[in-house]
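Here's protein-v7.cif, which has mmCIF, C-alpha atoms:
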```
data_coords
#
loop_
_atom_site.label_atom_id
_atom_site.label_comp_id
_atom_site.auth_asym_id
_atom_site.auth_seq_id
_atom_site.Cartn_x
_atom_site.Cartn_y
_atom_site.Cartn_z
CA MET E 70 -124.02 6.98 141.90
CA SER E 71 -120.56 5.94 140.68
CA LEU E 72 -120.04 2.40 139.40
CA THR E 73 -117.82 1.75 142.44
CA ASP E 74 -120.65 2.76 144.77
CA THR E 75 -123.12 0.71 142.74
CA LEU E 76 -120.91 -2.36 143.10
CA LYS E 77 -120.52 -1.72 146.82
CA TRP E 78 -124.32 -1.48 147.14
CA ARG E 79 -124.93 -4.85 145.51
CA TYR E 80 -124.40 -8.16 147.28
CA ALA E 81 -125.36 -11.78 146.75
CA THR E 82 -128.86 -11.41 148.16
CA LYS E 83 -129.80 -14.46 150.21
CA ARG E 84 -133.42 -13.57 150.96
CA MET E 85 -135.81 -11.60 148.77
CA ASN E 86 -139.20 -10.11 149.61
CA GLY E 87 -141.27 -11.15 146.59
CA THR E 88 -141.71 -7.64 145.18
CA LYS E 89 -141.97 -7.63 141.38
CA VAL E 90 -139.23 -5.94 139.38
CA PRO E 91 -140.79 -3.46 136.90
CA GLN E 92 -140.68 -4.72 133.31
CA GLU E 93 -138.63 -1.71 132.17
CA LYS E 94 -135.86 -2.63 134.59
CA VAL E 95 -135.92 -6.28 133.52
CA ASP E 96 -135.72 -5.13 129.89
CA ASN E 97 -132.69 -2.93 130.63
CA ILE E 98 -130.91 -5.82 132.36
CA LEU E 99 -131.63 -8.17 129.44
CA GLU E 100 -130.49 -5.53 126.96
CA ALA E 101 -127.13 -5.25 128.76
CA ILE E 102 -126.74 -9.04 128.57
CA ARG E 103 -127.61 -8.94 124.88
CA LEU E 104 -124.96 -6.25 124.27
CA ALA E 105 -122.24 -8.10 126.21
CA PRO E 106 -119.26 -8.97 124.02
CA THR E 107 -118.43 -12.61 123.31
CA SER E 108 -115.53 -14.31 121.59
CA GLY E 109 -115.86 -13.71 117.85
CA GLY E 110 -119.28 -12.24 118.63
CA LEU E 111 -120.96 -15.65 118.41
CA GLN E 112 -123.05 -15.36 121.60
CA PRO E 113 -123.03 -19.14 122.13
CA PHE E 114 -125.68 -19.20 124.84
CA LYS E 115 -129.28 -18.52 125.68
CA VAL E 116 -130.85 -16.94 128.74
CA ILE E 117 -134.09 -18.49 129.99
CA VAL E 118 -136.23 -15.91 131.79
CA ILE E 119 -138.77 -17.28 134.25
CA GLU E 120 -141.27 -15.07 136.05
CA ASP E 121 -144.12 -17.56 136.62
CA ALA E 122 -144.31 -18.62 140.29
CA LYS E 123 -145.27 -22.21 139.49
CA GLN E 124 -142.28 -22.72 137.21
CA ARG E 125 -139.99 -21.17 139.81
CA GLU E 126 -141.37 -23.54 142.39
CA GLU E 127 -140.61 -26.48 140.10
CA ILE E 128 -137.01 -25.25 139.81
CA PHE E 129 -136.86 -24.99 143.60
CA ASN E 130 -138.25 -28.50 144.07
CA ASN E 131 -136.14 -30.18 141.40
CA ALA E 132 -132.86 -28.34 140.93
CA CYS E 133 -132.11 -25.52 143.34
CA GLN E 134 -133.41 -25.39 146.88
CA GLN E 135 -132.42 -21.84 147.66
CA PRO E 136 -135.19 -19.51 148.87
CA GLN E 137 -134.42 -16.78 146.35
CA ILE E 138 -135.77 -19.00 143.57
CA LYS E 139 -139.23 -18.63 145.09
CA GLU E 140 -138.79 -15.17 146.61
CA ALA E 141 -137.35 -13.55 143.48
CA SER E 142 -139.32 -11.71 140.85
CA HIS E 143 -137.48 -13.26 137.89
CA VAL E 144 -135.08 -16.18 137.55
CA LEU E 145 -132.54 -15.98 134.72
CA VAL E 146 -130.84 -19.22 133.68
CA PHE E 147 -127.67 -18.76 131.62
CA ALA E 148 -127.31 -21.80 129.37
CA ALA E 149 -124.30 -22.29 127.11
CA ASN E 150 -124.23 -24.21 123.84
CA LYS E 151 -122.97 -27.76 124.28
CA LYS E 152 -121.63 -27.86 120.72
CA VAL E 153 -120.76 -25.11 118.23
CA THR E 154 -122.51 -26.09 115.00
CA ALA E 155 -121.95 -25.14 111.35
CA GLU E 156 -125.60 -23.98 111.20
CA GLN E 157 -125.05 -21.62 114.12
CA VAL E 158 -121.99 -20.09 112.46
CA ASP E 159 -123.92 -19.71 109.19
CA GLU E 160 -126.76 -17.93 110.99
CA TYR E 161 -124.27 -15.59 112.63
CA ILE E 162 -122.53 -14.78 109.37
CA GLU E 163 -125.92 -14.07 107.77
CA LEU E 164 -126.85 -11.81 110.69
CA MET E 165 -123.56 -9.93 110.36
CA ALA E 166 -123.98 -9.54 106.59
CA LYS E 167 -127.51 -8.22 107.05
CA THR E 168 -126.62 -5.91 109.95
CA ARG E 169 -123.67 -4.38 108.09
CA SER E 170 -125.19 -4.49 104.58
CA ILE E 171 -122.33 -6.54 103.19
CA SER E 172 -122.25 -9.85 101.34
CA VAL E 173 -121.98 -13.23 103.01
CA GLU E 174 -119.12 -14.01 100.59
CA SER E 175 -117.04 -11.10 101.90
CA LEU E 176 -117.14 -12.73 105.35
CA GLU E 177 -115.62 -16.06 104.27
CA GLY E 178 -112.27 -15.24 105.87
CA PHE E 179 -113.88 -14.17 109.15
CA LYS E 180 -116.08 -17.27 109.12
CA GLY E 181 -112.93 -19.38 108.98
CA MET E 182 -112.06 -18.44 112.54
CA PHE E 183 -114.92 -20.65 113.75
CA ALA E 184 -113.83 -23.71 111.74
CA GLY E 185 -111.75 -25.03 114.64
CA SER E 186 -114.67 -24.75 117.03
CA VAL E 187 -117.09 -26.49 114.67
CA ALA E 188 -114.55 -29.29 114.15
CA GLY E 189 -113.69 -29.40 117.87
CA SER E 190 -115.17 -31.66 120.53
CA ALA E 191 -118.40 -30.87 122.35
CA GLU E 192 -116.44 -30.90 125.59
CA GLN E 193 -114.06 -28.15 124.40
CA ASN E 194 -116.93 -26.21 122.86
CA PHE E 195 -118.93 -26.23 126.08
CA VAL E 196 -115.98 -24.97 128.13
CA TRP E 197 -115.53 -22.11 125.67
CA ALA E 198 -119.26 -21.33 125.41
CA ALA E 199 -119.56 -21.34 129.21
CA HIS E 200 -116.78 -18.74 129.38
CA GLN E 201 -118.84 -16.45 127.18
CA ALA E 202 -121.93 -17.08 129.30
CA TYR E 203 -119.98 -16.14 132.44
CA LEU E 204 -118.80 -12.93 130.81
CA ALA E 205 -122.40 -12.00 129.95
CA PHE E 206 -123.43 -13.07 133.47
CA GLY E 207 -120.93 -10.52 134.86
CA VAL E 208 -122.42 -7.83 132.65
CA GLY E 209 -125.92 -8.80 133.81
CA ILE E 210 -124.88 -8.54 137.46
CA VAL E 211 -123.61 -4.99 136.92
CA ALA E 212 -126.74 -4.10 134.96
CA ALA E 213 -129.03 -5.31 137.76
CA ALA E 214 -127.14 -3.26 140.35
CA ASN E 215 -127.26 -0.27 138.02
CA GLU E 216 -131.07 -0.58 138.03
CA LYS E 217 -131.03 -0.90 141.85
CA VAL E 218 -132.40 -4.37 141.47
CA ASP E 219 -131.02 -6.99 143.83
CA ALA E 220 -129.61 -10.13 142.32
CA THR E 221 -128.13 -13.42 143.41
CA PRO E 222 -125.48 -15.04 141.24
CA MET E 223 -125.80 -18.80 141.79
CA GLU E 224 -123.80 -21.86 140.90
CA GLY E 225 -125.02 -24.21 143.62
CA PHE E 226 -127.74 -26.04 141.73
CA ASN E 227 -128.17 -29.37 139.94
CA PRO E 228 -127.50 -28.56 136.27
CA GLU E 229 -128.63 -31.96 134.94
CA ALA E 230 -131.98 -31.69 136.75
CA LEU E 231 -132.42 -28.08 135.63
CA ASP E 232 -131.57 -28.91 132.01
CA LYS E 233 -134.14 -31.68 132.00
CA LEU E 234 -136.82 -29.58 133.67
CA LEU E 235 -136.36 -26.69 131.22
CA GLY E 236 -135.85 -28.95 128.19
CA LEU E 237 -132.37 -27.53 127.62
CA ASP E 238 -130.93 -31.03 127.12
CA LYS E 239 -132.91 -31.23 123.86
CA GLN E 240 -131.73 -27.82 122.67
CA ASN E 241 -127.92 -28.12 122.57
CA LEU E 242 -127.79 -26.15 125.82
CA GLY E 243 -126.41 -26.72 129.30
CA SER E 244 -127.14 -24.46 132.25
CA THR E 245 -124.10 -22.75 133.74
CA THR E 246 -125.42 -20.18 136.22
CA ILE E 247 -128.58 -18.64 137.63
CA LEU E 248 -129.23 -14.98 138.36
CA THR E 249 -132.29 -14.24 140.45
CA LEU E 250 -133.70 -10.71 140.26
CA GLY E 251 -135.77 -9.15 143.01
CA TYR E 252 -135.52 -7.07 146.14
CA ARG E 253 -133.67 -7.79 149.36
CA ASP E 254 -135.53 -8.81 152.49
CA GLU E 255 -133.27 -6.92 154.86
CA ALA E 256 -134.88 -8.17 158.07
CA ASN E 257 -134.29 -11.84 157.19
CA ASP E 258 -131.06 -11.64 155.22
CA PHE E 259 -127.97 -11.98 157.41
CA LEU E 260 -125.82 -10.78 154.51
CA ALA E 261 -127.73 -7.53 153.95
CA LYS E 262 -125.64 -5.62 156.46
CA ALA E 263 -122.45 -7.70 156.47
CA ALA E 264 -119.28 -5.97 155.31
CA LYS E 265 -118.15 -6.97 151.83
CA VAL E 266 -115.11 -9.26 151.88
CA ARG E 267 -112.62 -8.64 149.09
CA LYS E 268 -108.89 -9.12 148.64
CA SER E 269 -106.88 -5.92 148.87
CA LYS E 270 -105.76 -4.19 145.72
CA GLU E 271 -102.21 -5.28 146.54
CA THR E 272 -103.23 -8.94 146.75
CA LEU E 273 -105.53 -9.15 143.73
CA PHE E 274 -103.43 -7.13 141.31
CA ASP E 275 -99.86 -7.58 140.20
CA ILE E 276 -98.95 -4.13 138.92
CA ARG E 277 -95.75 -4.29 136.90
CA MET B 124 -125.36 8.15 129.55
CA SER B 125 -127.47 5.04 130.26
CA LEU B 126 -125.75 1.68 130.64
CA THR B 127 -127.39 0.58 127.37
CA ASP B 128 -125.87 3.55 125.56
CA THR B 129 -122.51 2.92 127.24
CA LEU B 130 -122.54 -0.68 126.02
CA LYS B 131 -123.52 0.45 122.53
CA TRP B 132 -120.62 2.91 122.55
CA ARG B 133 -118.04 0.26 123.39
CA TYR B 134 -116.67 -2.21 120.87
CA ALA B 135 -113.75 -4.62 120.63
CA THR B 136 -111.24 -1.97 119.61
CA LYS B 137 -108.86 -3.34 116.98
CA ARG B 138 -106.50 -0.37 116.75
CA MET B 139 -105.53 2.05 119.50
CA ASN B 140 -103.71 5.38 119.29
CA GLY B 141 -101.21 5.09 122.13
CA THR B 142 -102.79 7.75 124.35
CA LYS B 143 -102.31 7.04 128.05
CA VAL B 144 -105.34 6.31 130.17
CA PRO B 145 -105.33 8.58 133.26
CA GLN B 146 -104.43 6.71 136.46
CA GLU B 147 -107.74 7.61 138.11
CA LYS B 148 -109.64 5.83 135.34
CA VAL B 149 -107.39 2.77 135.54
CA ASP B 150 -107.95 2.71 139.30
CA ASN B 151 -111.73 2.84 138.87
CA ILE B 152 -111.63 -0.06 136.40
CA LEU B 153 -109.46 -2.13 138.75
CA GLU B 154 -111.73 -1.32 141.66
CA ALA B 155 -114.75 -2.63 139.73
CA ILE B 156 -112.86 -5.86 139.00
CA ARG B 157 -111.93 -6.12 142.68
CA LEU B 158 -115.59 -5.71 143.69
CA ALA B 159 -116.87 -8.28 141.18
CA PRO B 160 -118.61 -11.20 142.87
CA THR B 161 -117.14 -14.69 142.66
CA SER B 162 -118.35 -18.11 143.71
CA GLY B 163 -118.17 -18.30 147.49
CA GLY B 164 -116.31 -15.00 147.34
CA LEU B 165 -112.94 -16.73 146.91
CA GLN B 166 -111.66 -14.55 144.03
CA PRO B 167 -109.52 -17.40 142.65
CA PHE B 168 -107.54 -15.28 140.20
CA LYS B 169 -105.06 -12.47 139.82
CA VAL B 170 -104.95 -9.62 137.34
CA ILE B 171 -101.53 -8.66 136.00
CA VAL B 172 -101.43 -4.98 135.02
CA ILE B 173 -98.75 -4.00 132.50
CA GLU B 174 -98.15 -0.41 131.45
CA ASP B 175 -94.44 -0.57 130.53
CA ALA B 176 -93.93 -0.44 126.74
CA LYS B 177 -91.01 -2.87 126.75
CA GLN B 178 -92.97 -5.52 128.63
CA ARG B 179 -95.92 -5.05 126.30
CA GLU B 180 -93.63 -5.52 123.33
CA GLU B 181 -92.37 -8.78 124.83
CA ILE B 182 -95.96 -9.97 125.12
CA PHE B 183 -96.53 -8.98 121.50
CA ASN B 184 -93.41 -10.81 120.34
CA ASN B 185 -93.93 -13.95 122.38
CA ALA B 186 -97.60 -14.54 123.01
CA CYS B 187 -100.04 -12.20 121.27
CA GLN B 188 -99.32 -10.53 117.96
CA GLN B 189 -102.26 -8.16 117.96
CA PRO B 190 -101.46 -4.46 117.53
CA GLN B 191 -103.49 -3.35 120.55
CA ILE B 192 -100.89 -4.95 122.83
CA LYS B 193 -98.42 -2.28 121.71
CA GLU B 194 -100.90 0.52 120.99
CA ALA B 195 -102.76 0.21 124.29
CA SER B 196 -102.04 2.18 127.43
CA HIS B 197 -102.39 -0.79 129.80
CA VAL B 198 -102.61 -4.52 129.28
CA LEU B 199 -104.58 -6.50 131.88
CA VAL B 200 -104.01 -10.25 132.01
CA PHE B 201 -106.69 -12.21 133.88
CA ALA B 202 -105.03 -15.33 135.32
CA ALA B 203 -107.02 -17.97 137.19
CA ASN B 204 -105.74 -20.27 139.90
CA LYS B 205 -104.73 -23.67 138.58
CA LYS B 206 -105.48 -25.34 141.91
CA VAL B 207 -107.58 -24.28 144.88
CA THR B 208 -105.37 -24.79 147.93
CA ALA B 209 -106.11 -25.20 151.63
CA GLU B 210 -103.80 -22.21 152.32
CA GLN B 211 -105.84 -20.01 149.99
CA VAL B 212 -109.07 -20.98 151.72
CA ASP B 213 -107.50 -20.31 155.13
CA GLU B 214 -106.37 -16.86 154.02
CA TYR B 215 -109.86 -16.09 152.76
CA ILE B 216 -111.50 -17.23 155.99
CA GLU B 217 -109.04 -15.06 157.97
CA LEU B 218 -109.82 -12.09 155.72
CA MET B 219 -113.55 -12.62 156.24
CA ALA B 220 -113.15 -12.94 160.01
CA LYS B 221 -111.09 -9.75 160.13
CA THR B 222 -113.40 -7.80 157.79
CA ARG B 223 -116.52 -8.74 159.73
CA SER B 224 -114.96 -8.77 163.21
CA ILE B 225 -115.99 -12.34 163.87
CA SER B 226 -113.98 -15.39 164.90
CA VAL B 227 -112.36 -17.80 162.48
CA GLU B 228 -114.04 -20.62 164.43
CA SER B 229 -117.52 -19.27 163.67
CA LEU B 230 -116.75 -19.69 159.98
CA GLU B 231 -115.97 -23.42 160.13
CA GLY B 232 -119.28 -24.35 158.51
CA PHE B 233 -118.84 -21.83 155.70
CA LYS B 234 -115.28 -22.98 155.17
CA GLY B 235 -116.58 -26.48 154.59
CA MET B 236 -118.11 -25.44 151.28
CA PHE B 237 -114.60 -25.23 149.82
CA ALA B 238 -113.55 -28.71 150.97
CA GLY B 239 -114.69 -30.28 147.71
CA SER B 240 -112.65 -27.81 145.67
CA VAL B 241 -109.51 -28.32 147.74
CA ALA B 242 -109.89 -32.11 147.41
CA GLY B 243 -110.81 -31.81 143.71
CA SER B 244 -108.51 -32.10 140.71
CA ALA B 245 -106.49 -29.18 139.37
CA GLU B 246 -108.31 -29.59 136.06
CA GLN B 247 -111.73 -29.13 137.68
CA ASN B 248 -110.41 -26.29 139.84
CA PHE B 249 -109.03 -24.40 136.85
CA VAL B 250 -112.31 -24.65 134.94
CA TRP B 251 -114.15 -23.25 137.95
CA ALA B 252 -111.55 -20.54 138.66
CA ALA B 253 -111.59 -19.49 135.00
CA HIS B 254 -115.38 -19.03 135.23
CA GLN B 255 -114.85 -16.56 138.06
CA ALA B 256 -112.14 -14.77 136.07
CA TYR B 257 -114.49 -14.44 133.10
CA LEU B 258 -117.19 -13.00 135.34
CA ALA B 259 -114.77 -10.37 136.65
CA PHE B 260 -113.57 -9.80 133.08
CA GLY B 261 -117.17 -8.95 132.12
CA VAL B 262 -117.36 -6.49 135.01
CA GLY B 263 -114.05 -4.95 133.90
CA ILE B 264 -115.32 -4.50 130.35
CA VAL B 265 -118.37 -2.60 131.60
CA ALA B 266 -116.20 -0.53 133.95
CA ALA B 267 -113.85 0.51 131.12
CA ALA B 268 -116.77 1.61 128.95
CA ASN B 269 -118.24 3.46 131.91
CA GLU B 270 -114.97 5.44 132.11
CA LYS B 271 -115.13 6.05 128.34
CA VAL B 272 -111.96 4.04 128.00
CA ASP B 273 -111.72 1.74 125.00
CA ALA B 274 -110.93 -1.88 125.64
CA THR B 275 -110.31 -5.06 123.71
CA PRO B 276 -111.34 -8.37 125.24
CA MET B 277 -108.95 -10.98 123.86
CA GLU B 278 -108.72 -14.75 123.85
CA GLY B 279 -106.57 -15.24 120.78
CA PHE B 280 -103.15 -15.53 122.40
CA ASN B 281 -100.76 -18.30 123.37
CA PRO B 282 -101.48 -18.90 127.08
CA GLU B 283 -98.50 -21.20 127.67
CA ALA B 284 -96.08 -18.62 126.24
CA LEU B 285 -97.73 -15.81 128.18
CA ASP B 286 -97.69 -17.77 131.44
CA LYS B 287 -93.99 -18.47 131.00
CA LEU B 288 -93.15 -14.88 130.08
CA LEU B 289 -95.02 -13.46 133.09
CA GLY B 290 -93.88 -16.22 135.46
CA LEU B 291 -97.49 -17.26 136.08
CA ASP B 292 -96.61 -20.93 135.66
CA LYS B 293 -94.63 -20.70 138.90
CA GLN B 294 -97.49 -19.00 140.77
CA ASN B 295 -100.38 -21.48 140.53
CA LEU B 296 -101.87 -19.26 137.81
CA GLY B 297 -102.90 -19.71 134.19
CA SER B 298 -103.85 -16.82 131.91
CA THR B 299 -107.43 -16.92 130.63
CA THR B 300 -108.05 -13.58 128.91
CA ILE B 301 -106.47 -10.21 128.15
CA LEU B 302 -108.12 -6.81 128.33
CA THR B 303 -106.22 -3.96 126.71
CA LEU B 304 -107.13 -0.44 127.81
CA GLY B 305 -106.55 2.63 125.65
CA TYR B 306 -108.22 4.83 123.08
CA ARG B 307 -109.54 3.93 119.65
CA ASP B 308 -107.66 4.94 116.52
CA GLU B 309 -110.78 5.65 114.50
CA ALA B 310 -108.99 6.34 111.22
CA ASN B 311 -107.27 2.95 111.17
CA ASP B 312 -109.86 0.77 112.88
CA PHE B 313 -112.34 -0.78 110.43
CA LEU B 314 -114.57 -1.77 113.36
CA ALA B 315 -114.85 1.74 114.80
CA LYS B 316 -117.85 2.61 112.67
CA ALA B 317 -119.21 -0.86 111.93
CA ALA B 318 -122.70 -1.63 113.21
CA LYS B 319 -122.77 -3.87 116.28
CA VAL B 320 -123.92 -7.41 115.48
CA ARG B 321 -126.08 -9.02 118.12
CA LYS B 322 -128.78 -11.67 118.19
CA SER B 323 -132.29 -10.27 118.54
CA LYS B 324 -133.97 -10.31 121.92
CA GLU B 325 -136.30 -13.03 120.60
CA THR B 326 -133.34 -15.24 119.63
CA LEU B 327 -131.14 -14.77 122.69
CA PHE B 328 -133.83 -14.96 125.35
CA ASP B 329 -136.38 -17.65 126.05
CA ILE B 330 -139.01 -15.77 128.00
CA ARG B 331 -141.39 -18.21 129.71
#
```
Have the structure of the file written as structure tokens, please.
Amino acid sequence: MSLTDTLKWRYATKRMNGTKVPQEKVDNILEAIRLAPTSGGLQPFKVIVIEDAKQREEIFNNACQQPQIKEASHVLVFAANKKVTAEQVDEYIELMAKTRSISVESLEGFKGMFAGSVAGSAEQNFVWAAHQAYLAFGVGIVAAANEKVDATPMEGFNPEALDKLLGLDKQNLGSTTILTLGYRDEANDFLAKAAKVRKSKETLFDIR
Amino acid sequence: MSLTDTLKWRYATKRMNGTKVPQEKVDNILEAIRLAPTSGGLQPFKVIVIEDAKQREEIFNNACQQPQIKEASHVLVFAANKKVTAEQVDEYIELMAKTRSISVESLEGFKGMFAGSVAGSAEQNFVWAAHQAYLAFGVGIVAAANEKVDATPMEGFNPEALDKLLGLDKQNLGSTTILTLGYRDEANDFLAKAAKVRKSKETLFDIR
């Protein structure tokens, strides 16, 4: 199936049927998210992966009363770093040095590009980190469709409540989006057969 | 090629060789961006597509002195809406009614979910619209790799200068990111053969 057809197949699934997504498919989706590019390569976010029904029910009760939370197989919470820290940059530079078999010293110039972020405000940092999380979220959405796994991209939840429930507030993280993975319940999902609504090519693009 | 292999193949191309990307491939990449999901489906952004060498040189001279701007085949500028307007929501509701052959009146309840955005500040609106642009940007990056087209996701440019040059400041738009499309110049690109640096699965994911 072409990527165009894959993207036409997917939709923001409103009801899921509880069927488990095979681990191999979950792994492929996570691997795509892991490979997503980010600004400077810093990957300033974490993805919390919740399969356990009890934990999903707690999310439903406390932070996001949408049925997919309970009907999904897995709930992925994309949480961006609230602050870019010097330690985080050091860890990244060490990872790069190790991965490429080069010295940490040779990366001093590259490391400098993060100085502004480390010195910047948490508010600015979180806006920037959230951008990277959204980019990876987009990659994850494509990856799920590519595995023929239904997914619901969600923003309509209470981030403060979710952060507290998952302990993200104590980890320099703030939740930005949720992606539920599962399988569509066609009989009960009004959106399953609705035509996709998108701006025309002429409206969305300005071809110069 | 699996999506994992496709994402391993891609990298943030630093030097391109000037070869034109066939129109069919550009069209497929744009179609993926058009099909990307957005919050509420509003697609609060535009993508400016620039192929003309003179216009790309102006961008290089005024807003983004990275060689890919000139060496690429196409430059895509993702520009998010600065303000969500009542007119924009009306247009969307009309598009949905037309696409699904239903009445505008039957969508009153759905339309209500945008009331907060329309009443909200431009600052809040732009943050939210930029999130949607980044999501679509992520989809575009995957789509380019899927077409075996090299691409460079860029943030390091002067958005004010770019907005002025492209006239976006007069269109309720602000540039968020650039994606250049083209083909890698392996001989001159130090990144072409460098190992990809990514956090381990254990570090990036919190599997509960």
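Distance annotation: of E:Ala149, E:Val266, E:Ala141, E:Leu250, the residue with the minimal separation from chain B is E:Val266; atom set is all atoms listed in the file.
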For the file shown, report as a compact mmCIF listing (two decimals) with C-alpha atoms, keeping the file's coordinate frame the outcome of the PyMOL selection byres ((chain E) within 7 of (chain B)) at residue level.
```txt
# COMPACT_ATOMS: atom_id res chain seq x y z
CA THR E 73 -117.82 1.75 142.44
CA LEU E 76 -120.91 -2.36 143.10
CA GLU E 100 -130.49 -5.53 126.96
CA ALA E 101 -127.13 -5.25 128.76
CA ARG E 103 -127.61 -8.94 124.88
CA LEU E 104 -124.96 -6.25 124.27
CA LYS E 115 -129.28 -18.52 125.68
CA VAL E 116 -130.85 -16.94 128.74
CA ILE E 117 -134.09 -18.49 129.99
CA VAL E 118 -136.23 -15.91 131.79
CA ILE E 119 -138.77 -17.28 134.25
CA MET E 165 -123.56 -9.93 110.36
CA THR E 168 -126.62 -5.91 109.95
CA ARG E 169 -123.67 -4.38 108.09
CA HIS E 200 -116.78 -18.74 129.38
CA TYR E 203 -119.98 -16.14 132.44
CA LEU E 204 -118.80 -12.93 130.81
CA ALA E 205 -122.40 -12.00 129.95
CA PHE E 206 -123.43 -13.07 133.47
CA GLY E 207 -120.93 -10.52 134.86
CA VAL E 208 -122.42 -7.83 132.65
CA VAL E 211 -123.61 -4.99 136.92
CA ALA E 263 -122.45 -7.70 156.47
CA ALA E 264 -119.28 -5.97 155.31
CA VAL E 266 -115.11 -9.26 151.88
CA ARG E 267 -112.62 -8.64 149.09
CA LEU E 273 -105.53 -9.15 143.73
CA PHE E 274 -103.43 -7.13 141.31
CA ASP E 275 -99.86 -7.58 140.20
CA ILE E 276 -98.95 -4.13 138.92
CA ARG E 277 -95.75 -4.29 136.90
```
Exercise. Any idea what the distance is between atom CA of Glu181 of chain B and atom CA of Ser298 of chain B?
Worked result: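 Computed distance, atom CA of Glu181 of chain B to atom CA of Ser298 of chain B, equals 15.7 Å.
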For this session: One decimal, Å: what's the distance from atom CA of Met139 of chain B over to atom CA of Glu194 of chain B, could you say?
Result: 5.1 Å
For this session: List, as a ChimeraX atom specification, every residue that the PyMOL selection byres ((chain E and resi 83) around 8) selects in the file provided.
Result: /E:81-82,84-85,136-137,221,253,258-260
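With all atoms listed in the file as the basis for measurement, E:Ile247 is the residue among E:Lys139, E:Trp78, E:Ser175, E:Ile247 that approaches Phe226 of chain E most closely.
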Problem set entry | d(atom CA of Ala209 of chain B, atom CA of Ala198 of chain E) in Å |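 Atom-to-atom, atom CA of Ala209 of chain B to atom CA of Ala198 of chain E, that is 29.6 Å.
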Problem set entry | Distance query Ser196 of chain B at most 7 Å, all atoms listed in the file, self and fewer than 3 positions along chain excluded, as an MDAnalysis selection string | chainID B and resid 141:144 174 304:305
For this session: Using only C-alpha atoms, determine which residues lie at most 12 Å from Asp232 of chain E, disregarding the query and same-chain residues fewer than 3 positions distant; provide the list as JSON, numbers by chain.
Result: {"E": [117, 128, 131, 132, 133, 146, 147, 148, 149, 150, 151, 226, 227, 228, 229, 235, 236, 237, 238, 239, 240, 241, 242, 243, 244, 245, 246]}
Problem set entry | Residues in the PyMOL selection byres ((chain E and resi 178-194) around 6), expressed as a list of chain:residue names |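 That selection, the PyMOL selection byres ((chain E and resi 178-194) around 6), comes back as E:Lys151, E:Lys152, E:Val153, E:Thr154, E:Leu176, E:Glu177, E:Phe195, E:Val196, E:Trp197, E:Ala198.
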With 4 Å added on each side, what axis-aligned box encloses every listed atom of segment 249-259 of chain E? Give the centre and edge lengths in Å to one decimal, as AutoDock Vina command-line options.
```
--center_x -131.9 --center_y -10.6 --center_z 149.2 --size_x 15.8 --size_y 15.3 --size_z 25.8
```
